[in-house]
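*Asks:* upload-v9.pdb (PDB, C-alpha atoms, pLDDT in the B column) pasted underneath:
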```pdb
MODEL        1
ATOM      1  CA  LEU A 115     113.821 129.903  83.996  1.00 44.00           C
ATOM      2  CA  ALA A 116     113.917 133.551  82.985  1.00 52.00           C
ATOM      3  CA  HIS A 117     114.335 132.447  79.393  1.00 47.00           C
ATOM      4  CA  ALA A 118     111.402 130.063  79.599  1.00 49.00           C
ATOM      5  CA  LEU A 119     109.275 132.774  81.162  1.00 47.00           C
ATOM      6  CA  LEU A 120     110.290 135.296  78.538  1.00 47.00           C
ATOM      7  CA  CYS A 121     109.548 132.813  75.779  1.00 42.00           C
ATOM      8  CA  SER A 122     106.172 131.992  77.239  1.00 43.00           C
ATOM      9  CA  LEU A 123     105.388 135.703  77.216  1.00 46.00           C
ATOM     10  CA  VAL A 124     106.509 136.413  73.664  1.00 41.00           C
ATOM     11  CA  ARG A 125     105.775 133.082  72.008  1.00 37.00           C
ATOM     12  CA  THR A 126     102.894 134.479  70.017  1.00 35.00           C
ATOM     13  CA  SER A 127     105.157 137.113  68.485  1.00 35.00           C
ATOM     14  CA  GLY A 128     107.399 134.424  67.032  1.00 35.00           C
ATOM     15  CA  VAL A 129     110.510 135.817  68.699  1.00 38.00           C
ATOM     16  CA  CYS A 130     111.175 132.543  70.462  1.00 41.00           C
ATOM     17  CA  ALA A 131     111.185 129.225  68.703  1.00 40.00           C
ATOM     18  CA  SER A 132     108.937 126.763  70.425  1.00 37.00           C
ATOM     19  CA  ARG A 133     110.652 123.814  72.043  1.00 40.00           C
ATOM     20  CA  ASN A 134     108.312 121.748  69.906  1.00 37.00           C
ATOM     21  CA  GLY A 135     108.878 123.916  66.858  1.00 40.00           C
ATOM     22  CA  ASN A 136     110.556 123.296  63.567  1.00 37.00           C
ATOM     23  CA  THR A 137     114.089 124.525  64.307  1.00 41.00           C
ATOM     24  CA  PRO A 138     115.733 121.466  65.816  1.00 42.00           C
ATOM     25  CA  GLY A 139     118.823 122.148  67.884  1.00 53.00           C
ATOM     26  CA  VAL A 140     118.425 125.885  68.180  1.00 62.00           C
ATOM     27  CA  THR A 141     115.097 125.888  70.000  1.00 73.00           C
ATOM     28  CA  ASP A 142     116.598 127.346  73.159  1.00 89.00           C
ATOM     29  CA  TRP A 143     118.196 130.254  71.361  1.00 96.00           C
ATOM     30  CA  GLN A 144     116.575 133.640  70.942  1.00 96.00           C
ATOM     31  CA  GLU A 145     116.925 135.941  67.992  1.00 96.00           C
ATOM     32  CA  GLN A 146     118.002 139.352  69.258  1.00 95.00           C
ATOM     33  CA  ASP A 147     119.367 142.174  67.129  1.00 94.00           C
ATOM     34  CA  GLU A 148     120.168 139.947  64.164  1.00 95.00           C
ATOM     35  CA  ALA A 149     121.941 137.383  66.336  1.00 97.00           C
ATOM     36  CA  LEU A 150     121.235 134.016  67.942  1.00 97.00           C
ATOM     37  CA  VAL A 151     121.608 134.514  71.689  1.00 98.00           C
ATOM     38  CA  ARG A 152     121.534 132.121  74.605  1.00 97.00           C
ATOM     39  CA  GLU A 153     122.552 132.327  78.242  1.00 97.00           C
ATOM     40  CA  PHE A 154     124.046 129.215  79.788  1.00 97.00           C
ATOM     41  CA  GLU A 155     124.279 128.710  83.535  1.00 96.00           C
ATOM     42  CA  LEU A 156     127.060 126.344  84.498  1.00 96.00           C
ATOM     43  CA  PRO A 157     127.473 124.667  87.921  1.00 96.00           C
ATOM     44  CA  SER A 158     130.406 126.896  88.906  1.00 97.00           C
ATOM     45  CA  PHE A 159     132.775 129.610  87.691  1.00 98.00           C
ATOM     46  CA  PRO A 160     135.514 127.103  86.724  1.00 98.00           C
ATOM     47  CA  ALA A 161     132.890 125.089  84.828  1.00 97.00           C
ATOM     48  CA  ALA A 162     131.845 128.265  83.016  1.00 98.00           C
ATOM     49  CA  ILE A 163     135.444 128.972  82.001  1.00 98.00           C
ATOM     50  CA  ALA A 164     135.918 125.363  80.863  1.00 98.00           C
ATOM     51  CA  PHE A 165     132.822 125.772  78.672  1.00 98.00           C
ATOM     52  CA  VAL A 166     134.258 128.993  77.231  1.00 98.00           C
ATOM     53  CA  ASP A 167     137.502 127.141  76.474  1.00 98.00           C
ATOM     54  CA  ARG A 168     135.628 124.397  74.611  1.00 98.00           C
ATOM     55  CA  LEU A 169     133.616 126.999  72.738  1.00 98.00           C
ATOM     56  CA  ALA A 170     136.754 128.960  71.851  1.00 98.00           C
ATOM     57  CA  GLU A 171     138.394 125.853  70.429  1.00 98.00           C
ATOM     58  CA  LEU A 172     135.346 125.223  68.248  1.00 98.00           C
ATOM     59  CA  ALA A 173     135.202 128.882  67.186  1.00 98.00           C
ATOM     60  CA  GLU A 174     138.851 128.989  66.213  1.00 98.00           C
ATOM     61  CA  SER A 175     138.665 125.700  64.309  1.00 98.00           C
ATOM     62  CA  GLU A 176     135.696 127.006  62.300  1.00 98.00           C
ATOM     63  CA  ASN A 177     137.102 130.540  62.046  1.00 97.00           C
ATOM     64  CA  HIS A 178     133.762 131.858  63.256  1.00 97.00           C
ATOM     65  CA  HIS A 179     133.807 133.639  66.606  1.00 98.00           C
ATOM     66  CA  PRO A 180     130.840 134.444  68.825  1.00 98.00           C
ATOM     67  CA  ASP A 181     130.501 137.259  71.318  1.00 98.00           C
ATOM     68  CA  ILE A 182     130.912 135.803  74.812  1.00 98.00           C
ATOM     69  CA  ASP A 183     129.903 137.495  78.062  1.00 98.00           C
ATOM     70  CA  ILE A 184     130.954 135.873  81.338  1.00 98.00           C
ATOM     71  CA  ARG A 185     129.037 136.784  84.506  1.00 98.00           C
ATOM     72  CA  TYR A 186     130.355 134.447  87.201  1.00 97.00           C
ATOM     73  CA  LYS A 187     128.871 131.074  86.265  1.00 97.00           C
ATOM     74  CA  ARG A 188     126.549 132.467  83.594  1.00 97.00           C
ATOM     75  CA  VAL A 189     127.831 132.686  80.015  1.00 98.00           C
ATOM     76  CA  THR A 190     125.936 134.488  77.264  1.00 98.00           C
ATOM     77  CA  VAL A 191     126.852 133.456  73.710  1.00 98.00           C
ATOM     78  CA  ARG A 192     125.847 135.468  70.660  1.00 98.00           C
ATOM     79  CA  TRP A 193     126.227 134.145  67.118  1.00 98.00           C
ATOM     80  CA  THR A 194     125.893 136.343  64.070  1.00 97.00           C
ATOM     81  CA  THR A 195     127.655 136.847  60.751  1.00 96.00           C
ATOM     82  CA  HIS A 196     128.710 140.465  60.483  1.00 89.00           C
ATOM     83  CA  SER A 197     129.665 140.156  56.813  1.00 91.00           C
ATOM     84  CA  GLU A 198     126.114 139.011  56.041  1.00 93.00           C
ATOM     85  CA  GLY A 199     124.461 141.450  58.417  1.00 93.00           C
ATOM     86  CA  GLY A 200     122.584 138.801  60.319  1.00 96.00           C
ATOM     87  CA  ILE A 201     122.007 135.161  61.170  1.00 97.00           C
ATOM     88  CA  THR A 202     123.137 132.526  58.671  1.00 97.00           C
ATOM     89  CA  GLU A 203     122.863 128.767  58.509  1.00 96.00           C
ATOM     90  CA  LYS A 204     126.432 128.681  59.831  1.00 97.00           C
ATOM     91  CA  ASP A 205     125.285 130.538  62.944  1.00 97.00           C
ATOM     92  CA  ARG A 206     122.454 128.048  63.478  1.00 96.00           C
ATOM     93  CA  GLU A 207     124.907 125.176  63.143  1.00 97.00           C
ATOM     94  CA  MET A 208     127.315 126.827  65.596  1.00 97.00           C
ATOM     95  CA  ALA A 209     124.485 127.520  68.056  1.00 97.00           C
ATOM     96  CA  GLU A 210     123.518 123.870  67.973  1.00 96.00           C
ATOM     97  CA  ARG A 211     127.115 122.788  68.546  1.00 96.00           C
ATOM     98  CA  THR A 212     127.446 125.343  71.367  1.00 97.00           C
ATOM     99  CA  SER A 213     124.478 123.813  73.146  1.00 95.00           C
ATOM    100  CA  ALA A 214     126.128 120.405  72.877  1.00 94.00           C
ATOM    101  CA  LEU A 215     129.359 121.806  74.335  1.00 95.00           C
ATOM    102  CA  ALA A 216     127.508 123.289  77.297  1.00 92.00           C
ATOM    103  CA  ALA A 217     126.022 119.914  78.064  1.00 86.00           C
ATOM    104  CA  ALA A 218     129.385 118.144  77.765  1.00 80.00           C
TER     105      ALA A 218
ATOM    106  CA  LEU B 131     144.048 154.786  71.482  1.00 44.00           C
ATOM    107  CA  ALA B 132     140.318 155.341  71.942  1.00 52.00           C
ATOM    108  CA  HIS B 133     140.855 155.108  75.668  1.00 46.00           C
ATOM    109  CA  ALA B 134     143.667 157.663  75.593  1.00 48.00           C
ATOM    110  CA  LEU B 135     141.528 159.988  73.509  1.00 47.00           C
ATOM    111  CA  LEU B 136     138.570 159.604  75.828  1.00 46.00           C
ATOM    112  CA  CYS B 137     140.771 160.197  78.835  1.00 41.00           C
ATOM    113  CA  SER B 138     142.260 163.288  77.291  1.00 42.00           C
ATOM    114  CA  LEU B 139     138.750 164.599  76.770  1.00 45.00           C
ATOM    115  CA  VAL B 140     137.458 163.890  80.256  1.00 41.00           C
ATOM    116  CA  ARG B 141     140.636 164.261  82.283  1.00 37.00           C
ATOM    117  CA  THR B 142     139.456 167.493  83.823  1.00 35.00           C
ATOM    118  CA  SER B 143     136.351 165.772  85.154  1.00 35.00           C
ATOM    119  CA  GLY B 144     138.484 163.321  87.082  1.00 35.00           C
ATOM    120  CA  VAL B 145     136.829 160.285  85.510  1.00 38.00           C
ATOM    121  CA  CYS B 146     140.146 159.020  84.182  1.00 40.00           C
ATOM    122  CA  ALA B 147     143.222 158.729  86.294  1.00 40.00           C
ATOM    123  CA  SER B 148     146.150 160.409  84.632  1.00 37.00           C
ATOM    124  CA  ARG B 149     148.990 158.156  83.555  1.00 40.00           C
ATOM    125  CA  ASN B 150     151.109 160.432  85.715  1.00 37.00           C
ATOM    126  CA  GLY B 151     148.511 160.561  88.477  1.00 39.00           C
ATOM    127  CA  ASN B 152     148.417 159.159  91.942  1.00 37.00           C
ATOM    128  CA  THR B 153     146.767 155.802  91.326  1.00 41.00           C
ATOM    129  CA  PRO B 154     149.710 153.600  90.381  1.00 42.00           C
ATOM    130  CA  GLY B 155     148.845 150.439  88.493  1.00 52.00           C
ATOM    131  CA  VAL B 156     145.268 151.294  87.680  1.00 61.00           C
ATOM    132  CA  THR B 157     145.966 154.342  85.533  1.00 73.00           C
ATOM    133  CA  ASP B 158     144.656 152.671  82.379  1.00 89.00           C
ATOM    134  CA  TRP B 159     141.362 151.744  83.953  1.00 96.00           C
ATOM    135  CA  GLN B 160     138.234 153.826  83.756  1.00 96.00           C
ATOM    136  CA  GLU B 161     135.584 154.146  86.399  1.00 96.00           C
ATOM    137  CA  GLN B 162     132.222 153.388  84.819  1.00 95.00           C
ATOM    138  CA  ASP B 163     128.993 152.699  86.696  1.00 94.00           C
ATOM    139  CA  GLU B 164     130.726 151.998  89.994  1.00 95.00           C
ATOM    140  CA  ALA B 165     133.241 149.638  88.379  1.00 97.00           C
ATOM    141  CA  LEU B 166     136.826 149.674  87.142  1.00 97.00           C
ATOM    142  CA  VAL B 167     136.708 148.900  83.434  1.00 98.00           C
ATOM    143  CA  ARG B 168     139.384 148.286  80.858  1.00 97.00           C
ATOM    144  CA  GLU B 169     139.439 146.854  77.356  1.00 97.00           C
ATOM    145  CA  PHE B 170     142.447 144.762  76.383  1.00 96.00           C
ATOM    146  CA  GLU B 171     143.309 143.992  72.795  1.00 96.00           C
ATOM    147  CA  LEU B 172     145.342 140.831  72.441  1.00 96.00           C
ATOM    148  CA  PRO B 173     147.288 139.760  69.333  1.00 96.00           C
ATOM    149  CA  SER B 174     144.764 137.044  68.390  1.00 97.00           C
ATOM    150  CA  PHE B 175     141.622 135.240  69.496  1.00 98.00           C
ATOM    151  CA  PRO B 176     143.572 132.322  71.067  1.00 98.00           C
ATOM    152  CA  ALA B 177     145.724 134.869  72.911  1.00 97.00           C
ATOM    153  CA  ALA B 178     142.561 136.566  74.172  1.00 98.00           C
ATOM    154  CA  ILE B 179     141.224 133.250  75.475  1.00 98.00           C
ATOM    155  CA  ALA B 180     144.565 132.444  77.109  1.00 98.00           C
ATOM    156  CA  PHE B 181     144.388 135.813  78.881  1.00 98.00           C
ATOM    157  CA  VAL B 182     140.852 135.025  80.056  1.00 98.00           C
ATOM    158  CA  ASP B 183     142.106 131.672  81.389  1.00 98.00           C
ATOM    159  CA  ARG B 184     144.878 133.381  83.375  1.00 98.00           C
ATOM    160  CA  LEU B 185     142.416 135.953  84.659  1.00 98.00           C
ATOM    161  CA  ALA B 186     139.914 133.249  85.627  1.00 98.00           C
ATOM    162  CA  GLU B 187     142.571 131.395  87.607  1.00 98.00           C
ATOM    163  CA  LEU B 188     143.399 134.580  89.516  1.00 98.00           C
ATOM    164  CA  ALA B 189     139.721 135.344  90.083  1.00 98.00           C
ATOM    165  CA  GLU B 190     138.958 131.892  91.430  1.00 98.00           C
ATOM    166  CA  SER B 191     142.002 131.887  93.704  1.00 98.00           C
ATOM    167  CA  GLU B 192     140.938 135.231  95.191  1.00 98.00           C
ATOM    168  CA  ASN B 193     137.226 134.358  95.131  1.00 97.00           C
ATOM    169  CA  HIS B 194     136.562 137.659  93.403  1.00 97.00           C
ATOM    170  CA  HIS B 195     135.182 137.433  89.879  1.00 98.00           C
ATOM    171  CA  PRO B 196     135.078 140.180  87.271  1.00 98.00           C
ATOM    172  CA  ASP B 197     132.641 140.573  84.422  1.00 98.00           C
ATOM    173  CA  ILE B 198     134.390 139.530  81.206  1.00 98.00           C
ATOM    174  CA  ASP B 199     133.238 140.340  77.667  1.00 98.00           C
ATOM    175  CA  ILE B 200     135.033 138.668  74.760  1.00 98.00           C
ATOM    176  CA  ARG B 201     134.771 140.272  71.323  1.00 98.00           C
ATOM    177  CA  TYR B 202     137.162 138.313  69.102  1.00 97.00           C
ATOM    178  CA  LYS B 203     140.603 139.456  70.284  1.00 97.00           C
ATOM    179  CA  ARG B 204     139.289 142.255  72.488  1.00 97.00           C
ATOM    180  CA  VAL B 205     138.480 141.486  76.129  1.00 98.00           C
ATOM    181  CA  THR B 206     136.690 143.935  78.409  1.00 98.00           C
ATOM    182  CA  VAL B 207     137.181 143.349  82.142  1.00 98.00           C
ATOM    183  CA  ARG B 208     135.002 144.983  84.788  1.00 98.00           C
ATOM    184  CA  TRP B 209     135.868 144.890  88.490  1.00 98.00           C
ATOM    185  CA  THR B 210     133.413 145.892  91.168  1.00 97.00           C
ATOM    186  CA  THR B 211     132.279 144.645  94.567  1.00 96.00           C
ATOM    187  CA  HIS B 212     128.525 144.134  94.472  1.00 89.00           C
ATOM    188  CA  SER B 213     128.272 143.636  98.220  1.00 91.00           C
ATOM    189  CA  GLU B 214     129.837 147.059  98.742  1.00 93.00           C
ATOM    190  CA  GLY B 215     127.954 148.713  95.905  1.00 92.00           C
ATOM    191  CA  GLY B 216     131.074 149.959  94.173  1.00 96.00           C
ATOM    192  CA  ILE B 217     134.823 149.932  93.775  1.00 97.00           C
ATOM    193  CA  THR B 218     136.953 148.779  96.689  1.00 97.00           C
ATOM    194  CA  GLU B 219     140.692 148.561  97.293  1.00 96.00           C
ATOM    195  CA  LYS B 220     140.396 144.877  96.409  1.00 97.00           C
ATOM    196  CA  ASP B 221     139.087 145.863  92.969  1.00 97.00           C
ATOM    197  CA  ARG B 222     142.014 148.239  92.461  1.00 96.00           C
ATOM    198  CA  GLU B 223     144.437 145.486  93.409  1.00 97.00           C
ATOM    199  CA  MET B 224     142.733 143.033  91.052  1.00 97.00           C
ATOM    200  CA  ALA B 225     142.749 145.595  88.238  1.00 97.00           C
ATOM    201  CA  GLU B 226     146.471 146.068  88.669  1.00 96.00           C
ATOM    202  CA  ARG B 227     147.065 142.307  88.632  1.00 96.00           C
ATOM    203  CA  THR B 228     144.805 141.963  85.556  1.00 97.00           C
ATOM    204  CA  SER B 229     146.963 144.466  83.689  1.00 95.00           C
ATOM    205  CA  ALA B 230     150.026 142.410  84.554  1.00 94.00           C
ATOM    206  CA  LEU B 231     148.323 139.231  83.300  1.00 95.00           C
ATOM    207  CA  ALA B 232     147.464 140.878  79.994  1.00 92.00           C
ATOM    208  CA  ALA B 233     151.097 141.803  79.502  1.00 86.00           C
ATOM    209  CA  ALA B 234     152.301 138.281  80.404  1.00 80.00           C
TER     210      ALA B 234
ENDMDL
END
```
Write the structure described by the file as structure tokens, please.

*Replies:*
Amino acid sequence: LAHALLCSLVRTSGVCASRNGNTPGVTDWQEQDEALVREFELPSFPAAIAFVDRLAELAESENHHPDIDIRYKRVTVRWTTHSEGGITEKDREMAERTSALAAA
Amino acid sequence: LAHALLCSLVRTSGVCASRNGNTPGVTDWQEQDEALVREFELPSFPAAIAFVDRLAELAESENHHPDIDIRYKRVTVRWTTHSEGGITEKDREMAERTSALAAA
């Protein structure tokens, strides 16, 4: 809800991709400080940790590791490529796959 | 190392407990913004996630949940009691048990 509100406020600045925009799969992610960022709210703390475990398995298998902040049942994931100094296609792919893992 | 350096710098202010001080078990934790905070560096990313899993199991069993930030193989843990507006004895106990989990 906070995300949707924020996006509705800043949509005209182009910071948020529209849900009907042209970036399929990463439309719920925000670009912040050269990273793709999204907060996920899971049903419970154990569900949040299970999501982190799934995400960690993906990250390790792809050798690309996001920043992860756990706040009870809310998990913020941040994808960027430090060696490239910003967001790459790999980050967009990983963001999309992260969203799928959260819904799993 | 950074922690030890910081503590050596601020020891006189009482922000850091001395390793030889009178707060057994939480001597490597810093008090920051009304919370007990410590960064753990694990040998690898999977080891960091395994530590988070152990910590999450403890947190859920005690119904007391820390903030957890994962940065590759570094994990920052923050214990506070929001309902009390600061650090309680429970937080000190959980910090001590967290340190033991990291060493496990």

*Asks:* Quick one: which residues end up in the PyMOL selection byres ((chain A) within 7 of (chain B)) for this structure, as a list in words?

*Replies:*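 Written out, the selection comes to His179, Asp181, Ile182, Asp183, Ile184, Arg185 and Tyr186 of chain A.
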
*Asks:* Enter the distance from CA of Ala209 in chain A to CA of Glu176 in chain A, in Å, rounded to one decimal.

*Replies:* 12.6 Å

*Asks:* Could you check how far CA of Glu226 in chain B sits from CA of His212 in chain B, in Å to one decimal?

*Replies:*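 Value for the CA of Glu226 in chain B-CA of His212 in chain B distance: 19.0 Å.
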
*Asks:* Could you tell me how far CA of Pro157 in chain A lies from CA of Ala232 in chain B, in Å and to one decimal?

*Replies:*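 Calculated distance between CA of Pro157 in chain A and CA of Ala232 in chain B is 26.9 Å.
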
*Asks:* Let me have the centre and edge lengths of the axis-aligned box enclosing all listed atoms of range 177-183 of chain A with 3 Å padding on every side, in Å to one decimal, as lines of an AutoDock Vina configuration file.

*Replies:*
```
center_x = 133.5
center_y = 134.0
center_z = 70.1
size_x = 13.2
size_y = 13.0
size_z = 22.0
```

*Asks:* Got a sec to resolve the PyMOL selection byres ((chain B and resi 234) around 12) on this structure and send the residues as an mmCIF file with C-alpha atoms, keeping the file's coordinate frame?

*Replies:*
```cif
data_model
loop_
_atom_site.group_PDB
_atom_site.id
_atom_site.type_symbol
_atom_site.label_atom_id
_atom_site.label_comp_id
_atom_site.auth_asym_id
_atom_site.auth_seq_id
_atom_site.Cartn_x
_atom_site.Cartn_y
_atom_site.Cartn_z
ATOM 1 C CA LEU B 172 145.342 140.831 72.441
ATOM 2 C CA ALA B 177 145.724 134.869 72.911
ATOM 3 C CA ALA B 178 142.561 136.566 74.172
ATOM 4 C CA ALA B 180 144.565 132.444 77.109
ATOM 5 C CA PHE B 181 144.388 135.813 78.881
ATOM 6 C CA VAL B 182 140.852 135.025 80.056
ATOM 7 C CA ARG B 184 144.878 133.381 83.375
ATOM 8 C CA LEU B 185 142.416 135.953 84.659
ATOM 9 C CA ARG B 227 147.065 142.307 88.632
ATOM 10 C CA THR B 228 144.805 141.963 85.556
ATOM 11 C CA SER B 229 146.963 144.466 83.689
ATOM 12 C CA ALA B 230 150.026 142.410 84.554
ATOM 13 C CA LEU B 231 148.323 139.231 83.300
ATOM 14 C CA ALA B 232 147.464 140.878 79.994
ATOM 15 C CA ALA B 233 151.097 141.803 79.502
#
```
